[in-house]
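Shown below: input_31.txt, with compact mmCIF, N, CA and C atoms.
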# COMPACT_ATOMS: atom_id res chain seq x y z
N GLN A 1307 16.68 -4.68 21.71
CA GLN A 1307 16.86 -3.61 20.73
C GLN A 1307 15.62 -3.55 19.84
N VAL A 1308 15.10 -2.36 19.64
CA VAL A 1308 13.89 -2.18 18.82
C VAL A 1308 14.28 -1.94 17.38
N GLN A 1309 13.60 -2.63 16.48
CA GLN A 1309 13.80 -2.42 15.05
C GLN A 1309 12.45 -2.19 14.38
N LEU A 1310 12.46 -1.32 13.38
CA LEU A 1310 11.27 -1.03 12.59
C LEU A 1310 11.60 -1.32 11.13
N VAL A 1311 10.75 -2.11 10.48
CA VAL A 1311 10.98 -2.46 9.08
C VAL A 1311 9.76 -2.04 8.27
N GLU A 1312 10.01 -1.15 7.31
CA GLU A 1312 8.92 -0.64 6.47
C GLU A 1312 8.88 -1.39 5.15
N SER A 1313 7.71 -1.38 4.55
CA SER A 1313 7.53 -1.93 3.21
C SER A 1313 6.34 -1.25 2.55
N GLY A 1314 6.27 -1.39 1.22
CA GLY A 1314 5.09 -0.91 0.51
C GLY A 1314 5.28 0.34 -0.33
N GLY A 1315 6.44 0.94 -0.28
CA GLY A 1315 6.66 2.12 -1.10
C GLY A 1315 6.77 1.75 -2.57
N GLY A 1316 6.85 2.77 -3.41
CA GLY A 1316 6.99 2.50 -4.83
C GLY A 1316 6.59 3.69 -5.67
N LEU A 1317 6.39 3.42 -6.95
CA LEU A 1317 6.02 4.45 -7.93
C LEU A 1317 4.56 4.28 -8.29
N VAL A 1318 3.82 5.37 -8.27
CA VAL A 1318 2.40 5.32 -8.59
C VAL A 1318 2.02 6.60 -9.31
N GLN A 1319 1.01 6.51 -10.16
CA GLN A 1319 0.53 7.71 -10.85
C GLN A 1319 -0.35 8.54 -9.93
N ALA A 1320 -0.42 9.81 -10.21
CA ALA A 1320 -1.29 10.70 -9.44
C ALA A 1320 -2.72 10.17 -9.46
N GLY A 1321 -3.35 10.22 -8.28
CA GLY A 1321 -4.70 9.67 -8.14
C GLY A 1321 -4.72 8.23 -7.68
N GLY A 1322 -3.57 7.59 -7.69
CA GLY A 1322 -3.47 6.19 -7.30
C GLY A 1322 -3.35 6.03 -5.80
N SER A 1323 -3.13 4.78 -5.40
CA SER A 1323 -3.06 4.42 -3.98
C SER A 1323 -1.84 3.56 -3.69
N LEU A 1324 -1.38 3.66 -2.48
CA LEU A 1324 -0.33 2.79 -1.95
C LEU A 1324 -0.63 2.51 -0.48
N ARG A 1325 -0.14 1.38 0.00
CA ARG A 1325 -0.28 1.05 1.41
C ARG A 1325 1.09 0.73 1.98
N LEU A 1326 1.49 1.50 2.98
CA LEU A 1326 2.75 1.28 3.66
C LEU A 1326 2.51 0.44 4.91
N SER A 1327 3.48 -0.43 5.20
CA SER A 1327 3.43 -1.23 6.42
C SER A 1327 4.72 -1.07 7.19
N CYS A 1328 4.62 -1.19 8.50
CA CYS A 1328 5.81 -1.11 9.35
C CYS A 1328 5.63 -2.11 10.49
N VAL A 1329 6.60 -2.99 10.62
CA VAL A 1329 6.57 -4.00 11.68
C VAL A 1329 7.67 -3.70 12.67
N ALA A 1330 7.30 -3.64 13.94
CA ALA A 1330 8.27 -3.40 15.01
C ALA A 1330 8.63 -4.70 15.70
N SER A 1331 9.86 -4.78 16.16
CA SER A 1331 10.31 -5.94 16.93
C SER A 1331 11.17 -5.46 18.08
N GLY A 1332 11.27 -6.30 19.11
CA GLY A 1332 12.08 -5.94 20.26
C GLY A 1332 11.24 -5.58 21.47
N ASN A 1333 11.90 -5.05 22.49
CA ASN A 1333 11.23 -4.67 23.73
C ASN A 1333 10.51 -3.34 23.58
N ILE A 1334 9.20 -3.41 23.53
CA ILE A 1334 8.40 -2.21 23.32
C ILE A 1334 7.40 -2.06 24.45
N PHE A 1335 7.37 -0.90 25.07
CA PHE A 1335 6.39 -0.64 26.11
C PHE A 1335 5.00 -0.66 25.50
N SER A 1336 4.05 -1.23 26.25
CA SER A 1336 2.72 -1.47 25.68
C SER A 1336 1.97 -0.20 25.32
N LEU A 1337 2.25 0.90 26.04
CA LEU A 1337 1.60 2.17 25.71
C LEU A 1337 2.56 2.97 24.82
N ASN A 1338 2.23 3.11 23.56
CA ASN A 1338 3.15 3.77 22.66
C ASN A 1338 2.38 4.46 21.53
N THR A 1339 3.11 5.24 20.79
CA THR A 1339 2.57 5.89 19.59
C THR A 1339 3.40 5.45 18.41
N MET A 1340 2.73 5.03 17.36
CA MET A 1340 3.41 4.72 16.10
C MET A 1340 2.95 5.71 15.05
N GLY A 1341 3.86 6.06 14.18
CA GLY A 1341 3.50 7.07 13.20
C GLY A 1341 4.33 6.99 11.94
N TRP A 1342 3.93 7.84 11.01
CA TRP A 1342 4.64 7.96 9.73
C TRP A 1342 5.05 9.41 9.54
N TYR A 1343 6.29 9.59 9.16
CA TYR A 1343 6.83 10.89 8.81
C TYR A 1343 7.32 10.80 7.37
N ARG A 1344 7.52 11.97 6.76
CA ARG A 1344 8.10 11.98 5.42
C ARG A 1344 9.09 13.12 5.29
N GLN A 1345 10.00 12.93 4.35
CA GLN A 1345 11.04 13.93 4.14
C GLN A 1345 11.42 13.99 2.69
N THR A 1346 11.58 15.22 2.19
CA THR A 1346 12.09 15.45 0.85
C THR A 1346 13.43 16.18 0.96
N PRO A 1347 14.26 16.10 -0.08
CA PRO A 1347 15.59 16.72 0.01
C PRO A 1347 15.51 18.20 0.36
N GLY A 1348 16.33 18.58 1.33
CA GLY A 1348 16.41 19.98 1.72
C GLY A 1348 15.33 20.45 2.68
N LYS A 1349 14.43 19.52 3.04
CA LYS A 1349 13.34 19.91 3.94
C LYS A 1349 13.40 19.07 5.22
N GLN A 1350 12.78 19.60 6.26
CA GLN A 1350 12.73 18.87 7.53
C GLN A 1350 11.74 17.73 7.43
N ARG A 1351 12.01 16.70 8.21
CA ARG A 1351 11.07 15.59 8.30
C ARG A 1351 9.79 16.09 8.93
N GLU A 1352 8.64 15.70 8.36
CA GLU A 1352 7.37 16.17 8.87
C GLU A 1352 6.45 15.01 9.22
N LEU A 1353 5.62 15.23 10.23
CA LEU A 1353 4.65 14.21 10.62
C LEU A 1353 3.56 14.10 9.57
N VAL A 1354 3.27 12.87 9.18
CA VAL A 1354 2.16 12.60 8.27
C VAL A 1354 0.93 12.16 9.06
N ALA A 1355 1.13 11.16 9.91
CA ALA A 1355 0.02 10.64 10.72
C ALA A 1355 0.59 9.84 11.87
N SER A 1356 -0.17 9.77 12.96
CA SER A 1356 0.25 8.96 14.10
C SER A 1356 -0.98 8.32 14.74
N ILE A 1357 -0.71 7.25 15.49
CA ILE A 1357 -1.80 6.54 16.17
C ILE A 1357 -1.28 5.97 17.47
N THR A 1358 -2.05 6.16 18.54
CA THR A 1358 -1.64 5.65 19.84
C THR A 1358 -2.14 4.20 20.02
N THR A 1359 -1.73 3.61 21.12
CA THR A 1359 -2.15 2.24 21.42
C THR A 1359 -3.66 2.13 21.53
N ILE A 1360 -4.30 3.22 22.02
CA ILE A 1360 -5.76 3.17 22.20
C ILE A 1360 -6.49 3.68 20.97
N GLY A 1361 -5.75 3.99 19.90
CA GLY A 1361 -6.40 4.32 18.64
C GLY A 1361 -6.61 5.79 18.36
N THR A 1362 -6.06 6.65 19.17
CA THR A 1362 -6.16 8.08 18.90
C THR A 1362 -5.25 8.43 17.73
N THR A 1363 -5.82 9.10 16.72
CA THR A 1363 -5.06 9.41 15.52
C THR A 1363 -4.84 10.90 15.35
N MET A 1364 -3.81 11.22 14.59
CA MET A 1364 -3.51 12.61 14.26
C MET A 1364 -3.01 12.61 12.82
N TYR A 1365 -3.43 13.60 12.04
CA TYR A 1365 -3.03 13.72 10.64
C TYR A 1365 -2.53 15.12 10.32
N ALA A 1366 -1.58 15.19 9.41
CA ALA A 1366 -1.21 16.47 8.85
C ALA A 1366 -2.37 16.98 8.01
N ASP A 1367 -2.56 18.29 7.99
CA ASP A 1367 -3.67 18.87 7.23
C ASP A 1367 -3.61 18.46 5.76
N SER A 1368 -2.42 18.34 5.23
CA SER A 1368 -2.24 18.07 3.80
C SER A 1368 -2.71 16.67 3.39
N VAL A 1369 -2.89 15.77 4.35
CA VAL A 1369 -3.28 14.40 4.00
C VAL A 1369 -4.65 14.02 4.54
N LYS A 1370 -5.27 14.90 5.30
CA LYS A 1370 -6.58 14.58 5.86
C LYS A 1370 -7.58 14.27 4.76
N GLY A 1371 -8.33 13.19 4.96
CA GLY A 1371 -9.32 12.78 3.98
C GLY A 1371 -8.75 11.90 2.88
N ARG A 1372 -7.44 11.79 2.79
CA ARG A 1372 -6.81 10.97 1.75
C ARG A 1372 -6.03 9.79 2.34
N PHE A 1373 -5.41 10.01 3.49
CA PHE A 1373 -4.59 8.97 4.12
C PHE A 1373 -5.30 8.45 5.37
N THR A 1374 -5.09 7.18 5.65
CA THR A 1374 -5.64 6.58 6.86
C THR A 1374 -4.57 5.75 7.55
N ILE A 1375 -4.35 6.03 8.81
CA ILE A 1375 -3.40 5.25 9.60
C ILE A 1375 -4.17 4.25 10.45
N SER A 1376 -3.61 3.06 10.59
CA SER A 1376 -4.22 2.03 11.42
C SER A 1376 -3.11 1.17 12.00
N ARG A 1377 -3.48 0.35 12.98
CA ARG A 1377 -2.47 -0.50 13.59
C ARG A 1377 -3.08 -1.81 14.06
N GLU A 1378 -2.23 -2.81 14.11
CA GLU A 1378 -2.57 -4.09 14.73
C GLU A 1378 -1.59 -4.24 15.89
N THR A 1379 -2.04 -3.82 17.06
CA THR A 1379 -1.13 -3.76 18.20
C THR A 1379 -0.51 -5.11 18.55
N PRO A 1380 -1.27 -6.23 18.56
CA PRO A 1380 -0.63 -7.51 18.90
C PRO A 1380 0.48 -7.88 17.91
N LYS A 1381 0.37 -7.41 16.68
CA LYS A 1381 1.38 -7.71 15.67
C LYS A 1381 2.45 -6.62 15.60
N LYS A 1382 2.32 -5.61 16.46
CA LYS A 1382 3.29 -4.50 16.47
C LYS A 1382 3.44 -3.93 15.06
N THR A 1383 2.32 -3.76 14.39
CA THR A 1383 2.34 -3.31 13.00
C THR A 1383 1.48 -2.07 12.83
N VAL A 1384 1.98 -1.13 12.04
CA VAL A 1384 1.22 0.06 11.70
C VAL A 1384 1.16 0.17 10.19
N TYR A 1385 0.03 0.66 9.69
CA TYR A 1385 -0.19 0.82 8.26
C TYR A 1385 -0.51 2.26 7.92
N LEU A 1386 -0.22 2.62 6.69
CA LEU A 1386 -0.64 3.92 6.17
C LEU A 1386 -1.24 3.68 4.79
N GLN A 1387 -2.56 3.80 4.72
CA GLN A 1387 -3.26 3.69 3.44
C GLN A 1387 -3.31 5.06 2.81
N MET A 1388 -2.71 5.18 1.64
CA MET A 1388 -2.61 6.47 0.97
C MET A 1388 -3.42 6.42 -0.32
N ASN A 1389 -4.47 7.23 -0.37
CA ASN A 1389 -5.33 7.30 -1.55
C ASN A 1389 -5.25 8.69 -2.18
N SER A 1390 -5.71 8.78 -3.40
CA SER A 1390 -5.70 10.06 -4.12
C SER A 1390 -4.34 10.74 -4.03
N LEU A 1391 -3.32 9.99 -4.31
CA LEU A 1391 -1.96 10.50 -4.16
C LEU A 1391 -1.68 11.62 -5.15
N LYS A 1392 -0.88 12.57 -4.68
CA LYS A 1392 -0.50 13.74 -5.48
C LYS A 1392 1.02 13.75 -5.64
N PRO A 1393 1.52 14.42 -6.68
CA PRO A 1393 2.98 14.50 -6.84
C PRO A 1393 3.67 15.09 -5.61
N GLU A 1394 3.00 15.98 -4.91
CA GLU A 1394 3.61 16.58 -3.71
C GLU A 1394 3.70 15.61 -2.53
N ASP A 1395 3.12 14.43 -2.66
CA ASP A 1395 3.28 13.40 -1.64
C ASP A 1395 4.59 12.63 -1.82
N THR A 1396 5.28 12.88 -2.92
CA THR A 1396 6.56 12.22 -3.17
C THR A 1396 7.55 12.55 -2.07
N ALA A 1397 8.11 11.50 -1.45
CA ALA A 1397 9.03 11.68 -0.33
C ALA A 1397 9.53 10.31 0.12
N VAL A 1398 10.51 10.34 1.01
CA VAL A 1398 10.87 9.13 1.74
C VAL A 1398 10.00 9.11 3.00
N TYR A 1399 9.31 8.01 3.20
CA TYR A 1399 8.42 7.86 4.34
C TYR A 1399 9.10 7.00 5.41
N TYR A 1400 9.07 7.51 6.63
CA TYR A 1400 9.72 6.84 7.74
C TYR A 1400 8.70 6.43 8.80
N CYS A 1401 8.85 5.23 9.29
CA CYS A 1401 8.04 4.75 10.41
C CYS A 1401 8.70 5.18 11.71
N ASN A 1402 7.87 5.55 12.68
CA ASN A 1402 8.38 5.99 13.98
C ASN A 1402 7.63 5.29 15.10
N LEU A 1403 8.36 4.95 16.14
CA LEU A 1403 7.77 4.38 17.35
C LEU A 1403 8.26 5.20 18.53
N ASN A 1404 7.35 5.64 19.37
CA ASN A 1404 7.72 6.47 20.51
C ASN A 1404 6.99 6.02 21.75
N PHE A 1405 7.71 5.94 22.86
CA PHE A 1405 7.05 5.69 24.14
C PHE A 1405 7.92 6.25 25.25
N LYS A 1406 7.28 6.48 26.38
CA LYS A 1406 7.95 7.03 27.55
C LYS A 1406 7.92 5.99 28.67
N LEU A 1407 9.09 5.68 29.18
CA LEU A 1407 9.23 4.76 30.28
C LEU A 1407 10.41 5.26 31.10
N GLY A 1408 10.11 6.24 31.97
CA GLY A 1408 11.19 6.91 32.68
C GLY A 1408 11.80 8.01 31.83
N ARG A 1409 12.16 7.66 30.65
CA ARG A 1409 12.66 8.65 29.68
C ARG A 1409 11.98 8.38 28.35
N ASN A 1410 12.24 9.27 27.40
CA ASN A 1410 11.61 9.13 26.08
C ASN A 1410 12.41 8.17 25.22
N TYR A 1411 11.72 7.24 24.57
CA TYR A 1411 12.34 6.32 23.62
C TYR A 1411 11.76 6.62 22.24
N ASP A 1412 12.63 6.78 21.27
CA ASP A 1412 12.22 7.19 19.93
C ASP A 1412 12.99 6.35 18.92
N TYR A 1413 12.27 5.63 18.07
CA TYR A 1413 12.91 4.73 17.11
C TYR A 1413 12.40 5.04 15.70
N TRP A 1414 13.29 4.80 14.71
CA TRP A 1414 12.96 5.07 13.30
C TRP A 1414 13.26 3.87 12.43
N GLY A 1415 12.45 3.74 11.38
CA GLY A 1415 12.75 2.76 10.35
C GLY A 1415 13.76 3.33 9.38
N GLN A 1416 14.10 2.52 8.37
CA GLN A 1416 15.12 2.93 7.41
C GLN A 1416 14.55 3.82 6.31
N GLY A 1417 13.26 3.88 6.19
CA GLY A 1417 12.62 4.72 5.19
C GLY A 1417 12.25 3.95 3.94
N THR A 1418 11.16 4.35 3.31
CA THR A 1418 10.74 3.75 2.05
C THR A 1418 10.31 4.88 1.10
N GLN A 1419 10.77 4.77 -0.14
CA GLN A 1419 10.52 5.84 -1.11
C GLN A 1419 9.12 5.71 -1.70
N VAL A 1420 8.41 6.83 -1.72
CA VAL A 1420 7.13 6.92 -2.42
C VAL A 1420 7.27 7.99 -3.48
N THR A 1421 7.01 7.63 -4.72
CA THR A 1421 7.10 8.56 -5.83
C THR A 1421 5.77 8.59 -6.56
N VAL A 1422 5.21 9.79 -6.70
CA VAL A 1422 3.94 9.96 -7.38
C VAL A 1422 4.18 10.76 -8.65
N SER A 1423 3.88 10.15 -9.78
CA SER A 1423 4.12 10.82 -11.07
C SER A 1423 2.83 11.43 -11.60
N LEU A 1424 3.01 12.40 -12.50
CA LEU A 1424 1.83 13.06 -13.09
C LEU A 1424 1.12 12.12 -14.06
Mind turning the file's structure into structure tokens?
Amino acid sequence: QVQLVESGGGLVQAGGSLRLSCVASGNIFSLNTMGWYRQTPGKQRELVASITTIGTTMYADSVKGRFTISRETPKKTVYLQMNSLKPEDTAVYYCNLNFKLGRNYDYWGQGTQVTVSL
């Protein structure tokens, strides 16, 4: 059974930084994509950033130049370094792990709150 455990959320002032971490455990196919999504009340969950096993990254336009995703594949860990945070970045951030092995496997963490104050 795959589990994802996030950490690093919290309250920060606008312009500040936070670093989110997510550790995966369980049976995970070696070729996979790990990513971060976020959700605010009443809105759909949206992709923030993702990174494949070989290091290919993707970012939402709203975070380009401010957020950096990275991973330590042997440790099954993904990070999201968030700089120059804005109040509109306030959301619950979810870690995601996805891989295809015959069928699609999609796993989520429990979420961590990020709040950016003025």
If you run DSSP on the backbone, which residues of chain A are helix (DSSP H, G or I), as a ChimeraX atom specification? /A:1367-1369,1379-1381,1393-1395
At a cut-off of 6 Å, using all atoms listed in the file, what residues contact stretch 1413-1420 of chain A? Leave out same-chain residues fewer than 2 positions from it and give the result as a PDB file with N, CA and C atoms, in the coordinates of the input.
ATOM      1  N   LEU A1310      12.460  -1.320  13.380  1.00  0.00           N
ATOM      2  CA  LEU A1310      11.270  -1.030  12.590  1.00  0.00           C
ATOM      3  C   LEU A1310      11.600  -1.320  11.130  1.00  0.00           C
ATOM      4  N   VAL A1311      10.750  -2.110  10.480  1.00  0.00           N
ATOM      5  CA  VAL A1311      10.980  -2.460   9.080  1.00  0.00           C
ATOM      6  C   VAL A1311       9.760  -2.040   8.270  1.00  0.00           C
ATOM      7  N   GLU A1312      10.010  -1.150   7.310  1.00  0.00           N
ATOM      8  CA  GLU A1312       8.920  -0.640   6.470  1.00  0.00           C
ATOM      9  C   GLU A1312       8.880  -1.390   5.150  1.00  0.00           C
ATOM     10  N   GLY A1315       6.440   0.940  -0.280  1.00  0.00           N
ATOM     11  CA  GLY A1315       6.660   2.120  -1.100  1.00  0.00           C
ATOM     12  C   GLY A1315       6.770   1.750  -2.570  1.00  0.00           C
ATOM     13  N   GLY A1316       6.850   2.770  -3.410  1.00  0.00           N
ATOM     14  CA  GLY A1316       6.990   2.500  -4.830  1.00  0.00           C
ATOM     15  C   GLY A1316       6.590   3.690  -5.670  1.00  0.00           C
ATOM     16  N   LEU A1317       6.390   3.420  -6.950  1.00  0.00           N
ATOM     17  CA  LEU A1317       6.020   4.450  -7.930  1.00  0.00           C
ATOM     18  C   LEU A1317       4.560   4.280  -8.290  1.00  0.00           C
ATOM     19  N   ASP A1395       3.120  14.430  -2.660  1.00  0.00           N
ATOM     20  CA  ASP A1395       3.280  13.400  -1.640  1.00  0.00           C
ATOM     21  C   ASP A1395       4.590  12.630  -1.820  1.00  0.00           C
ATOM     22  N   THR A1396       5.280  12.880  -2.920  1.00  0.00           N
ATOM     23  CA  THR A1396       6.560  12.220  -3.170  1.00  0.00           C
ATOM     24  C   THR A1396       7.550  12.550  -2.070  1.00  0.00           C
ATOM     25  N   ALA A1397       8.110  11.500  -1.450  1.00  0.00           N
ATOM     26  CA  ALA A1397       9.030  11.680  -0.330  1.00  0.00           C
ATOM     27  C   ALA A1397       9.530  10.310   0.120  1.00  0.00           C
ATOM     28  N   VAL A1398      10.510  10.340   1.010  1.00  0.00           N
ATOM     29  CA  VAL A1398      10.870   9.130   1.740  1.00  0.00           C
ATOM     30  C   VAL A1398      10.000   9.110   3.000  1.00  0.00           C
ATOM     31  N   TYR A1399       9.310   8.010   3.200  1.00  0.00           N
ATOM     32  CA  TYR A1399       8.420   7.860   4.340  1.00  0.00           C
ATOM     33  C   TYR A1399       9.100   7.000   5.410  1.00  0.00           C
ATOM     34  N   TYR A1400       9.070   7.510   6.630  1.00  0.00           N
ATOM     35  CA  TYR A1400       9.720   6.840   7.740  1.00  0.00           C
ATOM     36  C   TYR A1400       8.700   6.430   8.800  1.00  0.00           C
ATOM     37  N   CYS A1401       8.850   5.230   9.290  1.00  0.00           N
ATOM     38  CA  CYS A1401       8.040   4.750  10.410  1.00  0.00           C
ATOM     39  C   CYS A1401       8.700   5.180  11.710  1.00  0.00           C
ATOM     40  N   ASN A1402       7.870   5.550  12.680  1.00  0.00           N
ATOM     41  CA  ASN A1402       8.380   5.990  13.980  1.00  0.00           C
ATOM     42  C   ASN A1402       7.630   5.290  15.100  1.00  0.00           C
ATOM     43  N   LEU A1403       8.360   4.950  16.140  1.00  0.00           N
ATOM     44  CA  LEU A1403       7.770   4.380  17.350  1.00  0.00           C
ATOM     45  C   LEU A1403       8.260   5.200  18.530  1.00  0.00           C
ATOM     46  N   ASN A1404       7.350   5.640  19.370  1.00  0.00           N
ATOM     47  CA  ASN A1404       7.720   6.470  20.510  1.00  0.00           C
ATOM     48  C   ASN A1404       6.990   6.020  21.750  1.00  0.00           C
ATOM     49  N   TYR A1411      11.720   7.240  24.570  1.00  0.00           N
ATOM     50  CA  TYR A1411      12.340   6.320  23.620  1.00  0.00           C
ATOM     51  C   TYR A1411      11.760   6.620  22.240  1.00  0.00           C
ATOM     52  N   VAL A1422       5.210   9.790  -6.700  1.00  0.00           N
ATOM     53  CA  VAL A1422       3.940   9.960  -7.380  1.00  0.00           C
ATOM     54  C   VAL A1422       4.180  10.760  -8.650  1.00  0.00           C
TER      55      VAL A1422
END
Need to verify the contact set: A:Tyr1385, 7 Å, all atoms listed in the file, exclusion of same-chain residues closer than 5 positions in sequence. Can you return it as an mmCIF file with N, CA and C atoms, keeping the file's coordinate frame?
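Saved as part01.cif:
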data_model
loop_
_atom_site.group_PDB
_atom_site.id
_atom_site.type_symbol
_atom_site.label_atom_id
_atom_site.label_comp_id
_atom_site.auth_asym_id
_atom_site.auth_seq_id
_atom_site.Cartn_x
_atom_site.Cartn_y
_atom_site.Cartn_z
ATOM 1 N N ARG A 1325 -0.140 1.380 0.000
ATOM 2 C CA ARG A 1325 -0.280 1.050 1.410
ATOM 3 C C ARG A 1325 1.090 0.730 1.980
ATOM 4 N N LEU A 1326 1.490 1.500 2.980
ATOM 5 C CA LEU A 1326 2.750 1.280 3.660
ATOM 6 C C LEU A 1326 2.510 0.440 4.910
ATOM 7 N N SER A 1327 3.480 -0.430 5.200
ATOM 8 C CA SER A 1327 3.430 -1.230 6.420
ATOM 9 C C SER A 1327 4.720 -1.070 7.190
ATOM 10 N N CYS A 1328 4.620 -1.190 8.500
ATOM 11 C CA CYS A 1328 5.810 -1.110 9.350
ATOM 12 C C CYS A 1328 5.630 -2.110 10.490
ATOM 13 N N THR A 1374 -5.090 7.180 5.650
ATOM 14 C CA THR A 1374 -5.640 6.580 6.860
ATOM 15 C C THR A 1374 -4.570 5.750 7.550
ATOM 16 N N ILE A 1375 -4.350 6.030 8.810
ATOM 17 C CA ILE A 1375 -3.400 5.250 9.600
ATOM 18 C C ILE A 1375 -4.170 4.250 10.450
ATOM 19 N N SER A 1376 -3.610 3.060 10.590
ATOM 20 C CA SER A 1376 -4.220 2.030 11.420
ATOM 21 C C SER A 1376 -3.110 1.170 12.000
ATOM 22 N N ARG A 1377 -3.480 0.350 12.980
ATOM 23 C CA ARG A 1377 -2.470 -0.500 13.590
ATOM 24 C C ARG A 1377 -3.080 -1.810 14.060
ATOM 25 N N GLU A 1378 -2.230 -2.810 14.110
ATOM 26 C CA GLU A 1378 -2.570 -4.090 14.730
ATOM 27 C C GLU A 1378 -1.590 -4.240 15.890
#
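Going from atom CA of A:Leu1424 to atom CA of A:Lys1370 covers 20.8 Å.
Comparing A:Ser1331, A:Thr1379, A:Ser1423, A:Ser1356 by their smallest distance to A:Tyr1343, the closest is A:Ser1356 (using only N, CA and C atoms).
Minimum atom-to-atom distance to A:Gln1309, evaluated using only C-alpha atoms, belongs to A:Lys1382 out of A:Gln1345, A:Lys1382, A:Tyr1365, A:Ser1336.
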Box along x, y and z, 8 Å on every side, all listed atoms of stretch 1382-1399 of chain A inside: centre and edge lengths in Å to one decimal, as lines of an AutoDock Vina configuration file.
center_x = 2.6
center_y = 5.5
center_z = 4.8
size_x = 32.6
size_y = 38.2
size_z = 39.3
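Those residues in stretch 1316-1355 of chain A carrying a DSSP assignment of strand (DSSP E or B), computed from the backbone, are Gly1316, Leu1317, Val1318, Gln1319, Leu1324, Arg1325, Leu1326, Ser1327, Cys1328, Val1329, Ala1330, Ser1331, Thr1339, Met1340, Gly1341, Trp1342, Tyr1343, Arg1344, Gln1345, Glu1352, Leu1353, Val1354 and Ala1355 of chain A.
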For A:Thr1358, which residue out of A:Met1388, A:Phe1405, A:Ser1323, A:Asn1410 is the nearest one, using only C-alpha atoms?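 Of A:Met1388, A:Phe1405, A:Ser1323, A:Asn1410, the one nearest A:Thr1358, counting only C-alpha atoms, is A:Phe1405.
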Between atom CA of A:Arg1409 and atom N of A:Gly1341, what is the spacing in Å?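 Atom-to-atom, atom N of A:Gly1341 to atom CA of A:Arg1409, that is 18.0 Å.
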